[in-house]
Amino acid sequence: MWKTILRRILIMIPEIIILSILVFLLAKAMPGDPFTGSINPKADPAQIHHLMKINGLYDPWYQQYWNWVVHLFHGNLGNSYQYQEPVTRLISGRAVNTLWLALFTTVLTYCFALPMGMYAAKHEGKLPDSIIRIYTYVTYCIPFFVILVIGIWIFGYVLGWFPTTGSVSSTANPGFPTIASRLYHILLPGILGALFGTVNIVQYLRSEVIDAKGSDYVRTARSKGVPEKDIYRHHIFRNSLLPIAAFAGYSITGLLNGSLFTETVFSYPGMGLLFINSISYRDYTVITALVLIYGILNLLGTLLSDIILSIVDPRIRIQ
Amino acid sequence: MESTSEFLNIKDVNTSFKIKGKYYDAISHINLEVHHDEILAIVGESGCGKSTLATTIMGLHDPAETKITGEIDFEGTNLLSLDEKGYNQFRGAKIGMIFQDPLSALNPLKRIEDQIQEVMDYHTNLTAEQKHDRVLELLKDVGIVNPKRTAHQFPHELSGGMRQRVIIAIAIACKPDLIIADEPTTALDVTIQAQILDVLRDIQKENHAGIILITHDLGVVAETADRVAVMYAGQIVELGSAEQIFNTPKHPYTRSLLRSMPQRDNENDDLYVIKGNVPSLQKMPHTGDRFAPRIPWVKSSSHETNPIMHEIESGHSVRCTCYKDFEFPDQGGQRA
Amino acid sequence: MSLIEINDLKVHYPIRSGFWNRITYSVKAVDGISFNIEAGETYGLVGESGSGKSTTGKSVVGLEKITSGSIMYKGKDITKKSNRKELDYNHDVQMIFQDSLSSLNPRKRIEDIIAEPLRNFEKLDANEEKLRVLQLLDIVGLDADALYKYPHQFSGGQRQRIGVARAVATNPKLIIADEPVSALDLSVQAQVLNFMKKIQREFGISYLFISHDLGVVRHMCNNIAIMNRGRLVEIGTRDDIYNHPLHIYTKRLLAAIPETNVNHRQEHREQRLEVEKIYQEQQDKYYDKDGKAYPLVQISPTHSVALPEDLVEKIKHEGEVKA
């Protein structure tokens, strides 16, 4: 198994190289430059020209790419043009915020989704099932950012229960109050994200449970005289949860995508918001670094799912 | 020893399924008894209700979609009067069931040992150690060469024949009086089939159990059954000992089935084809002989309006009187 | 000349494993088999699951990538794609599958299903095509209103006959029938078997009849090959195989067929257990040290068996003594 994991990681290397070249080229292909308009609207074009030149932005792309890669191996992702600080420091500060939000959302998502999916399937065709299905359809139909905007409007502005911007209150004392403030800030985006994220899991789990209910091995269990309650516990739920467990790896990817919306709408200073801002400012160093990180996380998520699956399902063996 | 007495008595059992709000009979007016130490085969083609009869005895139907009437007297208890909890006292303990597809009938994520042990968890007071020993003993009984190894394996690691042996081990774990085997060898190769049937027979002899063997394979019936019930369109049309059914079959359906089998001496002839199709549930006629449409050349006056079972010799009964006038169209004049 | 000659056909599936994902060993699904199918005959290929019989069938139609060997048709090796094209091979050789429901496209009407091979191989106008489809439906005994129905609206036997109609649409020379009746009830099986015989008489079609059911094979086939672990263990006429089986595997298969004669079931059972005992005890006599069947040796003009030389000599000697 370790061999396979190692091989999978090695295969990721060329994938990451191709990804980085693509990202680098696409970022360069965007019209505009990092300096015009950002320093002084009346800046002398000659001066911008000079800035571009000393930053190496007129060099051929492969040379720029090569410089970038060399720096990368020194742990240096360059400086952000916009913030004038090292990209590594910039991103690591933001990553903590995103991690908080993502973890909270994941935990909430599974807390909502698992009972809902199992309950709906157990009472298939009855009222609770219909309500849960209507909920999933409606949520599925509404775009995520609309949910966010409606949520922020009702709970943030109208009711005023939750903060609508930022990640932590600047007046909070260090220690516990800071943590409490952090939680308070991620509560609303986390809940909204989880409500949206449950949809796929609920539907998937529901159909898994319904399949398992009608399966032959459940019939065998019935003919053994196993009470219905135990059939659900030992056979149906257990077997249906396996694919969901494996799904957890992929869900990392989904959360990162979601963070783009959530963080933008809530002005939450995480990687997603940083990404959107960097694009508008043509902050090449930040964009390439972020896309690369997202890409690697994606690949790792897939690998993680495969590993989980091979651990929980005896039929799948990684050799 | 109560070995000759019947312990299962099925009296006038009807099972109907709800299709689009209406109930349709899948089996109607079934009367059967099963004795200790016997293998009773139920034969018929798909759609004749033989599996429905098995699942009715096991109580595996969803009460919301099924209506069952009649009485199934099992050692003095009417199974049909039991609630779910009461039924679970019988399932697995006194009635064991063997299914057709041994791969899907086992939970893919549980080790063989756990799946066999589960049935003992609910019906015995054995300690964990005793159960473990019993699992190994059972696996040995059903002819598994290396019980220790198999107990630790998962279903997908076993061959089809091995899996069916495991299913049999589960069914007999609590020494049931009745074993229902629903097409136990259909999914297996002939050589494995023969071995599985041997195992079934040995186990039955040892436990004095009664076996209901449900199959469409007349060869399997002829080799293993003591008594045979032939079913057509939800009814039993002929019931008798294996010798009676195979040597002197009476009902047109039984005779037609036997004649449509490829035999040693009919290689160059066409096989006999029964006209028409088995009626679907919704189109099942309520009166008259259900087989009549498939032997249209037999005069309608030969059939009874409401065909009943007639005992023509000890232990041999036939539904309807049409058997007296029945002959195959190409055998004009000569009576079977 | 035979219609089809299969020479030393091998189909191996490589298994990759290890860090570099190299081919570490291969599963020998078909491991060197040879037989000929004559025009107008039904050739039976019998074996248990995993014997490689279906893989052989697929190789003959060209659905399987073969490892080595040749399949000669009209003097050309059709394992090469270019030869298949040149000979219009896919027009002449068709296939019937076991599972009639999954082998017919559920979203297509019967008309389109049967017309598909016609559209591929023959350029007919709409009227001619319809006429031909109706004619085919008539041959398989289905009404014209079947044209506009979908596969799920038919019973298993009817669907299997539709599969046959599709297979005979192009007037093929050879039909590969892979377990064509094993999913069917007795009475329906009789219908399909009769029908296959009928179109054989009318159109002179050859069948490669692949089955595990020795009763059905005896009824259908003139020549039979018994396949075991990817190799042939015995080839012969119906009489050779059923009345004078020589290989222990053939004997074991035959002994395992349930007899419908209730009066002799005890003797039959004892005989089966005896064969089984010999099979268990003397396996190494009938297979080489790798568990492979020996090469086929000819015993009579029609009968060959996979046995080592000394056993063959013994059998020949016994034959002479008897004669």
# chains A, B, ... in the order shown; residues from 1 in each chain; ligands from 1
$ select_by_dssp --residues "segment 49-244 of chain B" --states "strand (DSSP E)" --output "PyMOL selection string"
chain B and resi 66-74+77-78+95-98+178-182+210-215+227-232+235-241
$ select_by_dssp --residues "segment 39-152 of chain B" --states "alpha helix (DSSP H)" --output "PyMOL selection string"
chain B and resi 50-58+84-90+112-123+128-141+147-151
$ residues_around --residues "Leu19 of chain A" --least-positions-apart "6" --cutoff "9 Å" --atoms "only C-alpha atoms" --output "NGL selection string"
:A and (291-292 or 295)
$ residues_around --residues "Asp284 of chain C" --least-positions-apart "4" --cutoff "12 Å" --atoms "only C-alpha atoms" --output "list in words"
Ile248, Ile278, Tyr279, Gln280, Asp288, Lys289, Asp290, Gly291, Lys292, Ala293, Tyr294, Leu307 and Pro308 of chain C
$ interface_residues --of "chain A" --to "chain C" --cutoff "10 Å" --atoms "only C-alpha atoms" --output "list in words"
Met1, Trp2, Lys3, Thr4, Ile5, Leu6, Arg7, Arg8, Ile318 and Gln319 of chain A
$ closest_atom_pairs --of "chain B" --to "chain A" --cutoff "8 Å" --atoms "only C-alpha atoms" --output "CSV"
residue,atom,partner,partner_atom,distance
B:Met58,CA,A:Ser223,CA,6.8
B:Leu60,CA,A:Arg222,CA,7.3
B:Lys85,CA,A:Pro227,CA,7.2
B:Tyr87,CA,A:Gly225,CA,7.5
B:Asn88,CA,A:Gly225,CA,4.2
B:Gln89,CA,A:Gly225,CA,6.6
B:Phe90,CA,A:Gly225,CA,7.0
B:Arg91,CA,A:Gly225,CA,4.6
B:Gly92,CA,A:Lys224,CA,3.9
B:Ala93,CA,A:Lys224,CA,7.4
B:Gly96,CA,A:Ser223,CA,7.0
B:Met97,CA,A:Ser223,CA,6.5
B:Phe99,CA,A:Thr220,CA,8.0
B:Ser104,CA,A:Asp216,CA,5.5
B:Ala105,CA,A:Tyr217,CA,4.2
B:Leu106,CA,A:Tyr217,CA,4.9
B:Asn107,CA,A:Tyr217,CA,5.1
B:Pro108,CA,A:Arg315,CA,7.6
B:Leu109,CA,A:Pro314,CA,6.3
B:Glu118,CA,A:Lys224,CA,7.8
B:Val119,CA,A:Lys224,CA,5.3
B:Tyr122,CA,A:Val226,CA,6.8
B:Phe154,CA,A:Pro314,CA,7.3
B:His156,CA,A:Arg315,CA,6.7
B:Ile170,CA,A:Lys224,CA,7.9
B:Ala171,CA,A:Lys224,CA,7.6
$ closest_atom_pairs --of "chain B" --to "chain C" --cutoff "6 Å" --atoms "only C-alpha atoms" --output "Markdown table"
| residue | atom | partner | partner_atom | distance |
| --- | --- | --- | --- | --- |
| B:Glu45 | CA | C:Asp185 | CA | 5.8 |
| B:Asp189 | CA | C:Glu48 | CA | 5.9 |
| B:Val190 | CA | C:Ala256 | CA | 5.8 |
| B:Thr191 | CA | C:Ala256 | CA | 5.3 |
| B:Ala194 | CA | C:Ala256 | CA | 5.9 |
| B:Gly219 | CA | C:Pro258 | CA | 4.6 |
| B:Val220 | CA | C:Pro258 | CA | 5.7 |
| B:Ala222 | CA | C:Thr260 | CA | 5.2 |
| B:Glu223 | CA | C:Arg265 | CA | 5.7 |
| B:Ser260 | CA | C:Ala190 | CA | 5.9 |
| B:Pro262 | CA | C:His219 | CA | 5.9 |
| B:Glu267 | CA | C:His219 | CA | 4.5 |
| B:Asp270 | CA | C:Asn194 | CA | 5.5 |
| B:Leu271 | CA | C:Ala190 | CA | 5.5 |
| B:Val273 | CA | C:Ser187 | CA | 5.6 |
| B:Ile274 | CA | C:Ser187 | CA | 5.9 |
$ residues_around --residues "Ile287 of chain A" --least-positions-apart "4" --cutoff "8 Å" --atoms "only C-alpha atoms" --output "PyMOL selection string"
chain A and resi 27+275+278-279+282-283+291
$ write_last_selection --atoms "N, CA and C atoms" --output "PDB file, in the first residue's frame"
ATOM      1  N   ALA A  27      -2.016  33.464 -16.144  1.00  0.00           N
ATOM      2  CA  ALA A  27      -1.930  34.691 -15.367  1.00  0.00           C
ATOM      3  C   ALA A  27      -1.289  35.790 -16.212  1.00  0.00           C
ATOM      4  N   PHE A 275      -7.555  35.589  -3.263  1.00  0.00           N
ATOM      5  CA  PHE A 275      -7.478  35.167  -4.660  1.00  0.00           C
ATOM      6  C   PHE A 275      -8.248  36.135  -5.561  1.00  0.00           C
ATOM      7  N   SER A 278      -6.447  39.402  -5.758  1.00  0.00           N
ATOM      8  CA  SER A 278      -5.221  39.338  -6.549  1.00  0.00           C
ATOM      9  C   SER A 278      -5.533  39.364  -8.031  1.00  0.00           C
ATOM     10  N   ILE A 279      -6.649  38.739  -8.391  1.00  0.00           N
ATOM     11  CA  ILE A 279      -6.994  38.731  -9.814  1.00  0.00           C
ATOM     12  C   ILE A 279      -7.332  40.148 -10.263  1.00  0.00           C
ATOM     13  N   ARG A 282      -4.128  42.036 -10.678  1.00  0.00           N
ATOM     14  CA  ARG A 282      -3.073  41.394 -11.476  1.00  0.00           C
ATOM     15  C   ARG A 282      -1.835  41.110 -10.630  1.00  0.00           C
ATOM     16  N   ASP A 283      -2.077  40.621  -9.444  1.00  0.00           N
ATOM     17  CA  ASP A 283      -0.976  40.332  -8.531  1.00  0.00           C
ATOM     18  C   ASP A 283      -0.440  38.937  -8.857  1.00  0.00           C
ATOM     19  N   VAL A 291      -3.138  29.351  -6.991  1.00  0.00           N
ATOM     20  CA  VAL A 291      -3.664  28.302  -7.871  1.00  0.00           C
ATOM     21  C   VAL A 291      -2.864  27.022  -7.689  1.00  0.00           C
TER      22      VAL A 291
END
$ atom_distance --atom1 "atom CA of Asp101 of chain B" --atom2 "atom CA of Leu188 of chain B"
8.9 Å
$ residues_around --residues "segment 166-178 of chain C" --least-positions-apart "2" --cutoff "9 Å" --atoms "only C-alpha atoms" --output "VMD selection string"
chain C and resid 3 to 4 39 to 40 53 to 54 57 to 58 60 to 61 90 to 98 113 to 118 121 to 122 132 to 133 136 161 to 164 180 to 181 199 203 to 211
$ residues_around --residues "Lys130 of chain C" --least-positions-apart "4" --cutoff "9 Å" --atoms "only C-alpha atoms" --output "number ranges by chain"
C: 111, 115, 125-126, 134-135
$ write_last_selection --atoms "C-alpha atoms" --output "short mmCIF file (atom, residue, chain, number, x, y, z; two decimals), in the first residue's frame"
data_model
loop_
_atom_site.label_atom_id
_atom_site.label_comp_id
_atom_site.auth_asym_id
_atom_site.auth_seq_id
_atom_site.Cartn_x
_atom_site.Cartn_y
_atom_site.Cartn_z
CA GLU C 111 -37.38 -1.85 -35.57
CA ALA C 115 -32.31 -2.81 -38.62
CA ASP C 125 -33.86 2.30 -48.77
CA ALA C 126 -36.43 2.85 -46.05
CA LEU C 134 -40.84 -7.47 -40.99
CA GLN C 135 -39.62 -10.59 -42.72
#
